[in-house]
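Novice: I am attaching a structure below and will ask some questions about it afterwards.
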Amino acid sequence: MTVQRDQRDQSDHQADQWAVGDITLTSRFLLGTAGYPSPKVLGDAIAASGSQIITVGLKRQLAAAGDNGFVEMIRSAMTQHGARLLPNTAGCTTAREAIQLAHMARELYDTPWIKLEVVGDEYTLQPDPLELVEAARQLARDGFTVFPYCTDDLVTAKRLLDAGCPLLMPWGAPIGSGQGLLNPFALKTLRARLPGVVLIVDAGIGAPSHAAQAMEMGFDAVLLNSAVSQASDPTRMASAFGQAIAAGRTAYLAGVMARQDFAVATTPVAGNPFLIGD
């Protein structure tokens with residue numbers, strides 16, 4: 001019986017795949033690489049997360065003092081854990097700057113994937129919608145697969161799709177704030193209005209329960225960094241997030257019960273408690 005159950009679980013896991021272009025993925029956990037106590041802790045966290053996509057901020061890395069071997073360490077982790085790299089343009093404030101950095105990332109990491117960030121406000125790190133759409137349009141023309149970090153605004157989301165983005169990465173809350181999903185209504189609206197689009201909640205998640213909530217709402221994946229790297233035990237926290245994301249996805253597929261404004265008795269007081277068919 002155990003073997004049969006394990007085989008069924010494996011089959012269900014394989015059937016519940018998602019894709020970016022022609023790349024098929026099974027893990028729905030995207031993990032960042034900034035702020036870890038050591039390269040070993042980062043590698044252990046990647047392994048514990050089960051993530052198949054890890055992100056790296058090229059601009060912030062170039063600003064570090066000299067070549068500290070970070071690039072090679074990331075490449076080693078990718079090989080060891082079978083992960084794909086998603087460079088990002090964190091720190092850019094204009095479309096022109098982000099486009100230039102994206103081309104540098106493609107040269108350095110040999111990937112057309114780019115997480116596009118164009119910040120419009122230094123306090124909230126909120127994306128600039130006009131610069132973001134402009135950069136996305138040009139990068140799509142240049143052959144990039146653009147992962148745009150955006151707000152939960154539906155109109156901006158549609159503009160990014162029109163610009164050639166194959167997916168969207170709306171924030172849950174400001175980057176690194178750990179506040180969770182501040183506007184569930186807007187996120188649910190995105191999911192309802194863009195049913196065929198891959199949607200990844202990015203930024204602001206602080207606890208595994210936040211990630212599970214996003215997955216229960218029908219989002220395709222979750223990207224986070226600080227919630228793991230700033231934890232007392234990043235490796236254990238990465239594992240916790242992996243489990244929460246998987247649980248949230250399973251709950252979404254199972255169908256979460258509708259909320260009620262009043263009590264509903266779970267045990268009938270009359271009639272048959274069960275319906276027995278032929």
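So you can find residues: chains in the structure tokens are A, B, ... in the order shown, residues in each start at 1, and ligands are numbered from 1 in order.
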Name the residues in contact with stretch 106-118 of chain A at a cut-off of 6 Å, using only C-alpha atoms, excluding same-chain residues fewer than 4 positions from it; report them as a JSON list (two decimals) with N, CA, C and O atoms, in the first residue's frame.
Specialist:
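The result, stored in result13.json:
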```json
[["chain", "number", "residue", "atom", "x", "y", "z"],
["A", 86, "LEU", "N", 18.22, 33.02, -12.62],
["A", 86, "LEU", "CA", 17.39, 34.15, -13.05],
["A", 86, "LEU", "C", 18.08, 35.44, -12.57],
["A", 86, "LEU", "O", 17.87, 35.88, -11.44],
["A", 87, "PRO", "N", 18.94, 36.05, -13.41],
["A", 87, "PRO", "CA", 19.56, 37.33, -13.02],
["A", 87, "PRO", "C", 18.50, 38.41, -12.92],
["A", 87, "PRO", "O", 17.47, 38.35, -13.59],
["A", 88, "ASN", "N", 18.74, 39.41, -12.06],
["A", 88, "ASN", "CA", 17.77, 40.49, -11.97],
["A", 88, "ASN", "C", 18.45, 41.85, -12.04],
["A", 88, "ASN", "O", 19.66, 41.97, -11.83],
["A", 89, "THR", "N", 17.66, 42.85, -12.37],
["A", 89, "THR", "CA", 18.18, 44.21, -12.55],
["A", 89, "THR", "C", 17.91, 45.06, -11.32],
["A", 89, "THR", "O", 17.65, 46.26, -11.43],
["A", 90, "ALA", "N", 17.98, 44.45, -10.14],
["A", 90, "ALA", "CA", 17.73, 45.17, -8.89],
["A", 90, "ALA", "C", 18.64, 46.38, -8.80],
["A", 90, "ALA", "O", 19.83, 46.30, -9.10],
["A", 92, "CYS", "N", 18.12, 49.26, -10.45],
["A", 92, "CYS", "CA", 17.96, 50.14, -11.61],
["A", 92, "CYS", "C", 16.76, 51.06, -11.41],
["A", 92, "CYS", "O", 15.73, 50.65, -10.86],
["A", 93, "THR", "N", 16.89, 52.29, -11.92],
["A", 93, "THR", "CA", 15.81, 53.27, -11.77],
["A", 93, "THR", "C", 15.29, 53.80, -13.10],
["A", 93, "THR", "O", 14.34, 54.58, -13.12],
["A", 127, "PRO", "N", 7.90, 49.60, -8.12],
["A", 127, "PRO", "CA", 8.29, 49.70, -9.53],
["A", 127, "PRO", "C", 7.70, 50.93, -10.21],
["A", 127, "PRO", "O", 6.60, 51.37, -9.89],
["A", 128, "ASP", "N", 8.47, 51.49, -11.15],
["A", 128, "ASP", "CA", 8.00, 52.59, -11.99],
["A", 128, "ASP", "C", 7.28, 51.97, -13.17],
["A", 128, "ASP", "O", 7.91, 51.36, -14.04],
["A", 132, "LEU", "N", 9.15, 50.57, -16.50],
["A", 132, "LEU", "CA", 9.10, 49.11, -16.51],
["A", 132, "LEU", "C", 8.56, 48.59, -17.84],
["A", 132, "LEU", "O", 9.14, 47.68, -18.45],
["A", 144, "PHE", "N", 14.87, 38.46, -24.92],
["A", 144, "PHE", "CA", 14.87, 38.05, -23.52],
["A", 144, "PHE", "C", 13.53, 37.45, -23.13],
["A", 144, "PHE", "O", 12.49, 37.79, -23.69],
["A", 145, "THR", "N", 13.58, 36.54, -22.15],
["A", 145, "THR", "CA", 12.38, 36.08, -21.46],
["A", 145, "THR", "C", 12.27, 36.93, -20.21],
["A", 145, "THR", "O", 13.04, 36.78, -19.26],
["A", 146, "VAL", "N", 11.32, 37.86, -20.20],
["A", 146, "VAL", "CA", 11.26, 38.89, -19.17],
["A", 146, "VAL", "C", 10.31, 38.48, -18.04],
["A", 146, "VAL", "O", 9.13, 38.21, -18.27],
["A", 147, "PHE", "N", 10.85, 38.46, -16.82],
["A", 147, "PHE", "CA", 10.09, 38.23, -15.60],
["A", 147, "PHE", "C", 9.91, 39.60, -14.93],
["A", 147, "PHE", "O", 10.79, 40.03, -14.17],
["A", 148, "PRO", "N", 8.83, 40.33, -15.17],
["A", 148, "PRO", "CA", 8.73, 41.70, -14.64],
["A", 148, "PRO", "C", 8.21, 41.74, -13.20],
["A", 148, "PRO", "O", 7.15, 41.21, -12.88],
["A", 149, "TYR", "N", 8.98, 42.39, -12.35],
["A", 149, "TYR", "CA", 8.54, 42.68, -10.99],
["A", 149, "TYR", "C", 7.65, 43.91, -11.05],
["A", 149, "TYR", "O", 8.08, 44.98, -11.47]]
```
Novice: Pick out each residue of stretch 130-193 of chain A that DSSP on the backbone tags as strand (DSSP E); I need them as a VMD selection string.
Specialist: chain A and resid 145 to 150 167 to 170
Novice: Write out, as a PDB file, in the first residue's frame, the residues just selected, with N, CA and C atoms.
Specialist:
```pdb
ATOM      1  N   THR A 145      13.576  36.543 -22.147  1.00  0.00           N
ATOM      2  CA  THR A 145      12.379  36.082 -21.462  1.00  0.00           C
ATOM      3  C   THR A 145      12.267  36.930 -20.209  1.00  0.00           C
ATOM      4  N   VAL A 146      11.317  37.860 -20.203  1.00  0.00           N
ATOM      5  CA  VAL A 146      11.256  38.890 -19.167  1.00  0.00           C
ATOM      6  C   VAL A 146      10.313  38.483 -18.039  1.00  0.00           C
ATOM      7  N   PHE A 147      10.853  38.465 -16.822  1.00  0.00           N
ATOM      8  CA  PHE A 147      10.088  38.234 -15.603  1.00  0.00           C
ATOM      9  C   PHE A 147       9.914  39.602 -14.928  1.00  0.00           C
ATOM     10  N   PRO A 148       8.831  40.333 -15.168  1.00  0.00           N
ATOM     11  CA  PRO A 148       8.725  41.696 -14.641  1.00  0.00           C
ATOM     12  C   PRO A 148       8.213  41.744 -13.203  1.00  0.00           C
ATOM     13  N   TYR A 149       8.981  42.389 -12.353  1.00  0.00           N
ATOM     14  CA  TYR A 149       8.541  42.676 -10.987  1.00  0.00           C
ATOM     15  C   TYR A 149       7.649  43.909 -11.046  1.00  0.00           C
ATOM     16  N   CYS A 150       6.399  43.745 -10.648  1.00  0.00           N
ATOM     17  CA  CYS A 150       5.426  44.824 -10.789  1.00  0.00           C
ATOM     18  C   CYS A 150       4.554  44.911  -9.546  1.00  0.00           C
ATOM     19  N   LEU A 167       4.968  36.205 -18.427  1.00  0.00           N
ATOM     20  CA  LEU A 167       4.444  35.997 -17.086  1.00  0.00           C
ATOM     21  C   LEU A 167       4.531  37.317 -16.321  1.00  0.00           C
ATOM     22  N   LEU A 168       3.996  37.328 -15.107  1.00  0.00           N
ATOM     23  CA  LEU A 168       4.019  38.526 -14.275  1.00  0.00           C
ATOM     24  C   LEU A 168       4.448  38.159 -12.858  1.00  0.00           C
ATOM     25  N   MET A 169       5.103  39.132 -12.189  1.00  0.00           N
ATOM     26  CA  MET A 169       5.555  38.907 -10.816  1.00  0.00           C
ATOM     27  C   MET A 169       5.083  40.065  -9.926  1.00  0.00           C
ATOM     28  N   PRO A 170       3.803  40.085  -9.573  1.00  0.00           N
ATOM     29  CA  PRO A 170       3.288  41.166  -8.722  1.00  0.00           C
ATOM     30  C   PRO A 170       3.774  41.030  -7.279  1.00  0.00           C
TER      31      PRO A 170
END
```
Novice: A:Ala83: which residues within 9 Å, counting only C-alpha atoms, same-chain residues fewer than 2 positions away excluded, as a PyMOL selection string?
Specialist: chain A and resi 46+50-54+77-81+85
Novice: How many Å lie between atom CA of A:Val56 and atom CA of A:Val71, rounded to one decimal?
Specialist: 9.1 Å
Novice: Measuring atom to atom with only C-alpha atoms, identify which of A:Ala135, A:Ile245, A:Leu199, A:Ile99 is nearest to A:Leu187.
Specialist: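 Among A:Ala135, A:Ile245, A:Leu199, A:Ile99, it is A:Leu199 that comes nearest to A:Leu187.
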